[in-house]
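A.B. asks: The structure is given below, and queries will be raised subsequently.
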Amino acid sequence: RSGDYIAFSSASFETSELGVVPTADPTAPPRILHPRKEGVLVQSLEHIRGTVPADPGRFLMISDEDARNGRLLQRRADAPADAPWTDAI
């Protein structure tokens, strides 16, 4: 965990939603990284810092979307809210 974001989630039996707020500005509006989708659960979210200061890093998440036993997905930290997640492995 980078410590750059405060992660939050809201979940029910069949859906979940994940978002973050930057620790540098905890009063900023929350940024939803994974909106609720019927039948899709997200188990985990992590932020990994980039290797150089200009690199915003990436988010990693484990989701059961299109994968009964879960899959590891990634997305750049500065990607727009509707940017697709891609397989990390």
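Quick note on naming: the chains in the structure tokens go A, B, ... in the order shown, residues restart at 1 in each chain, and ligands are numbered from 1 in order of appearance.
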Leaving out segment 6-16 of chain A and any residue of its chain fewer than 5 positions from it, which residues lie within 12 Å of it when counting only C-alpha atoms, given as a PDB file with N, CA and C atoms, in the first residue's frame?
C.D. replies:
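The resulting around_36.pdb:
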ATOM      1  N   ARG A   1       0.833  -1.177   0.000  1.00  0.00           N
ATOM      2  CA  ARG A   1       0.000   0.000   0.000  1.00  0.00           C
ATOM      3  C   ARG A   1       0.878   1.241   0.000  1.00  0.00           C
ATOM      4  N   VAL A  21     -10.057   8.408  -1.872  1.00  0.00           N
ATOM      5  CA  VAL A  21      -9.867   9.831  -1.609  1.00  0.00           C
ATOM      6  C   VAL A  21      -8.372   9.998  -1.368  1.00  0.00           C
ATOM      7  N   PRO A  22      -7.737  11.016  -1.953  1.00  0.00           N
ATOM      8  CA  PRO A  22      -6.302  11.183  -1.716  1.00  0.00           C
ATOM      9  C   PRO A  22      -6.020  11.577  -0.267  1.00  0.00           C
ATOM     10  N   THR A  23      -5.001  10.982   0.324  1.00  0.00           N
ATOM     11  CA  THR A  23      -4.654  11.319   1.709  1.00  0.00           C
ATOM     12  C   THR A  23      -4.158  12.760   1.819  1.00  0.00           C
ATOM     13  N   ALA A  24      -3.637  13.295   0.719  1.00  0.00           N
ATOM     14  CA  ALA A  24      -3.171  14.685   0.724  1.00  0.00           C
ATOM     15  C   ALA A  24      -4.328  15.677   0.802  1.00  0.00           C
ATOM     16  N   ASP A  25      -5.546  15.236   0.449  1.00  0.00           N
ATOM     17  CA  ASP A  25      -6.731  16.100   0.475  1.00  0.00           C
ATOM     18  C   ASP A  25      -7.947  15.268   0.869  1.00  0.00           C
ATOM     19  N   PRO A  26      -8.045  14.878   2.153  1.00  0.00           N
ATOM     20  CA  PRO A  26      -9.123  13.975   2.573  1.00  0.00           C
ATOM     21  C   PRO A  26     -10.524  14.571   2.477  1.00  0.00           C
ATOM     22  N   THR A  27     -10.645  15.873   2.252  1.00  0.00           N
ATOM     23  CA  THR A  27     -11.972  16.470   2.083  1.00  0.00           C
ATOM     24  C   THR A  27     -12.381  16.541   0.611  1.00  0.00           C
ATOM     25  N   ALA A  28     -11.527  16.054  -0.274  1.00  0.00           N
ATOM     26  CA  ALA A  28     -11.840  16.040  -1.713  1.00  0.00           C
ATOM     27  C   ALA A  28     -13.021  15.107  -1.965  1.00  0.00           C
ATOM     28  N   PRO A  29     -13.766  15.354  -3.034  1.00  0.00           N
ATOM     29  CA  PRO A  29     -14.863  14.437  -3.361  1.00  0.00           C
ATOM     30  C   PRO A  29     -14.316  13.038  -3.648  1.00  0.00           C
ATOM     31  N   PRO A  30     -15.015  12.013  -3.234  1.00  0.00           N
ATOM     32  CA  PRO A  30     -14.540  10.657  -3.505  1.00  0.00           C
ATOM     33  C   PRO A  30     -14.519  10.360  -4.991  1.00  0.00           C
ATOM     34  N   ARG A  31     -13.568   9.554  -5.371  1.00  0.00           N
ATOM     35  CA  ARG A  31     -13.436   9.113  -6.762  1.00  0.00           C
ATOM     36  C   ARG A  31     -13.812   7.637  -6.814  1.00  0.00           C
ATOM     37  N   ILE A  32     -14.874   7.328  -7.542  1.00  0.00           N
ATOM     38  CA  ILE A  32     -15.329   5.938  -7.653  1.00  0.00           C
ATOM     39  C   ILE A  32     -14.489   5.231  -8.714  1.00  0.00           C
ATOM     40  N   LEU A  33     -13.819   4.174  -8.301  1.00  0.00           N
ATOM     41  CA  LEU A  33     -12.983   3.411  -9.231  1.00  0.00           C
ATOM     42  C   LEU A  33     -13.727   2.230  -9.832  1.00  0.00           C
ATOM     43  N   HIS A  34     -14.660   1.692  -9.079  1.00  0.00           N
ATOM     44  CA  HIS A  34     -15.446   0.562  -9.572  1.00  0.00           C
ATOM     45  C   HIS A  34     -16.882   0.747  -9.108  1.00  0.00           C
ATOM     46  N   PRO A  35     -17.760   1.226 -10.003  1.00  0.00           N
ATOM     47  CA  PRO A  35     -19.163   1.396  -9.610  1.00  0.00           C
ATOM     48  C   PRO A  35     -19.857   0.040  -9.455  1.00  0.00           C
ATOM     49  N   ARG A  36     -20.985   0.063  -8.788  1.00  0.00           N
ATOM     50  CA  ARG A  36     -21.751  -1.177  -8.605  1.00  0.00           C
ATOM     51  C   ARG A  36     -22.186  -1.759  -9.939  1.00  0.00           C
ATOM     52  N   LYS A  37     -22.013  -3.072 -10.063  1.00  0.00           N
ATOM     53  CA  LYS A  37     -22.515  -3.824 -11.205  1.00  0.00           C
ATOM     54  C   LYS A  37     -23.189  -5.060 -10.640  1.00  0.00           C
ATOM     55  N   GLU A  38     -24.384  -5.320 -11.094  1.00  0.00           N
ATOM     56  CA  GLU A  38     -25.130  -6.469 -10.587  1.00  0.00           C
ATOM     57  C   GLU A  38     -24.321  -7.754 -10.769  1.00  0.00           C
ATOM     58  N   GLY A  39     -24.176  -8.508  -9.678  1.00  0.00           N
ATOM     59  CA  GLY A  39     -23.490  -9.793  -9.737  1.00  0.00           C
ATOM     60  C   GLY A  39     -21.974  -9.721  -9.712  1.00  0.00           C
ATOM     61  N   VAL A  40     -21.397  -8.523  -9.527  1.00  0.00           N
ATOM     62  CA  VAL A  40     -19.935  -8.375  -9.523  1.00  0.00           C
ATOM     63  C   VAL A  40     -19.471  -7.922  -8.141  1.00  0.00           C
ATOM     64  N   LEU A  41     -18.563  -8.676  -7.562  1.00  0.00           N
ATOM     65  CA  LEU A  41     -17.979  -8.328  -6.270  1.00  0.00           C
ATOM     66  C   LEU A  41     -16.492  -8.050  -6.434  1.00  0.00           C
ATOM     67  N   VAL A  42     -16.011  -7.055  -5.735  1.00  0.00           N
ATOM     68  CA  VAL A  42     -14.586  -6.715  -5.723  1.00  0.00           C
ATOM     69  C   VAL A  42     -14.077  -7.011  -4.323  1.00  0.00           C
ATOM     70  N   GLN A  43     -13.026  -7.808  -4.231  1.00  0.00           N
ATOM     71  CA  GLN A  43     -12.536  -8.232  -2.928  1.00  0.00           C
ATOM     72  C   GLN A  43     -11.445  -7.336  -2.356  1.00  0.00           C
ATOM     73  N   SER A  44     -10.669  -6.685  -3.203  1.00  0.00           N
ATOM     74  CA  SER A  44      -9.498  -5.971  -2.702  1.00  0.00           C
ATOM     75  C   SER A  44      -9.102  -4.853  -3.650  1.00  0.00           C
ATOM     76  N   LEU A  45      -8.496  -3.794  -3.092  1.00  0.00           N
ATOM     77  CA  LEU A  45      -7.984  -2.685  -3.887  1.00  0.00           C
ATOM     78  C   LEU A  45      -6.677  -2.220  -3.274  1.00  0.00           C
ATOM     79  N   GLU A  46      -5.682  -2.021  -4.099  1.00  0.00           N
ATOM     80  CA  GLU A  46      -4.377  -1.519  -3.651  1.00  0.00           C
ATOM     81  C   GLU A  46      -3.883  -0.458  -4.619  1.00  0.00           C
ATOM     82  N   HIS A  47      -3.078   0.465  -4.128  1.00  0.00           N
ATOM     83  CA  HIS A  47      -2.393   1.437  -4.981  1.00  0.00           C
ATOM     84  C   HIS A  47      -0.898   1.180  -4.879  1.00  0.00           C
ATOM     85  N   PHE A  59      -3.604   1.268  -9.799  1.00  0.00           N
ATOM     86  CA  PHE A  59      -4.455   0.567  -8.854  1.00  0.00           C
ATOM     87  C   PHE A  59      -4.539  -0.881  -9.276  1.00  0.00           C
ATOM     88  N   LEU A  60      -4.547  -1.763  -8.297  1.00  0.00           N
ATOM     89  CA  LEU A  60      -4.752  -3.192  -8.521  1.00  0.00           C
ATOM     90  C   LEU A  60      -6.013  -3.589  -7.777  1.00  0.00           C
ATOM     91  N   MET A  61      -6.828  -4.419  -8.396  1.00  0.00           N
ATOM     92  CA  MET A  61      -8.038  -4.881  -7.730  1.00  0.00           C
ATOM     93  C   MET A  61      -8.276  -6.337  -8.080  1.00  0.00           C
ATOM     94  N   ILE A  62      -8.853  -7.051  -7.127  1.00  0.00           N
ATOM     95  CA  ILE A  62      -9.282  -8.420  -7.358  1.00  0.00           C
ATOM     96  C   ILE A  62     -10.793  -8.398  -7.469  1.00  0.00           C
ATOM     97  N   SER A  63     -11.293  -8.909  -8.586  1.00  0.00           N
ATOM     98  CA  SER A  63     -12.724  -8.897  -8.872  1.00  0.00           C
ATOM     99  C   SER A  63     -13.151 -10.258  -9.386  1.00  0.00           C
ATOM    100  N   ASP A  64     -14.426 -10.578  -9.176  1.00  0.00           N
ATOM    101  CA  ASP A  64     -14.950 -11.822  -9.729  1.00  0.00           C
ATOM    102  C   ASP A  64     -15.667 -11.597 -11.058  1.00  0.00           C
ATOM    103  N   GLU A  65     -15.525 -10.404 -11.630  1.00  0.00           N
ATOM    104  CA  GLU A  65     -16.161 -10.128 -12.916  1.00  0.00           C
ATOM    105  C   GLU A  65     -15.542 -11.013 -14.005  1.00  0.00           C
TER     106      GLU A  65
END
A.B. asks: Determine, counting only C-alpha atoms, which protein, DNA and RNA residues have an atom within 9 Å of an atom of Asp78 of chain A; residues of the same chain fewer than 4 positions away are not included. Present the result as number ranges by chain.
C.D. replies: A: 56-58
A.B. asks: Rank A:Glu17, A:Ala54, A:Gly3, A:Ile48 by their smallest atom-to-atom distance to Gln74 of chain A, using only C-alpha atoms, and report the top residue only.
C.D. replies: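 Looking at the shortest contact to Gln74 of chain A, the residue is A:Ile48.
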A.B. asks: Between A:Val20, A:Gly50, A:Thr86, A:Ser2, which residue has the minimum interatomic distance to Arg71 of chain A, considering only C-alpha atoms?
C.D. replies: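 Ranked by minimum distance to Arg71 of chain A, first place goes to A:Thr86.
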A.B. asks: Do you have the atom CA of Pro53 of chain A-atom CA of Leu18 of chain A distance handy?
C.D. replies: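 One can read the atom CA of Pro53 of chain A to atom CA of Leu18 of chain A distance as 25.5 Å.
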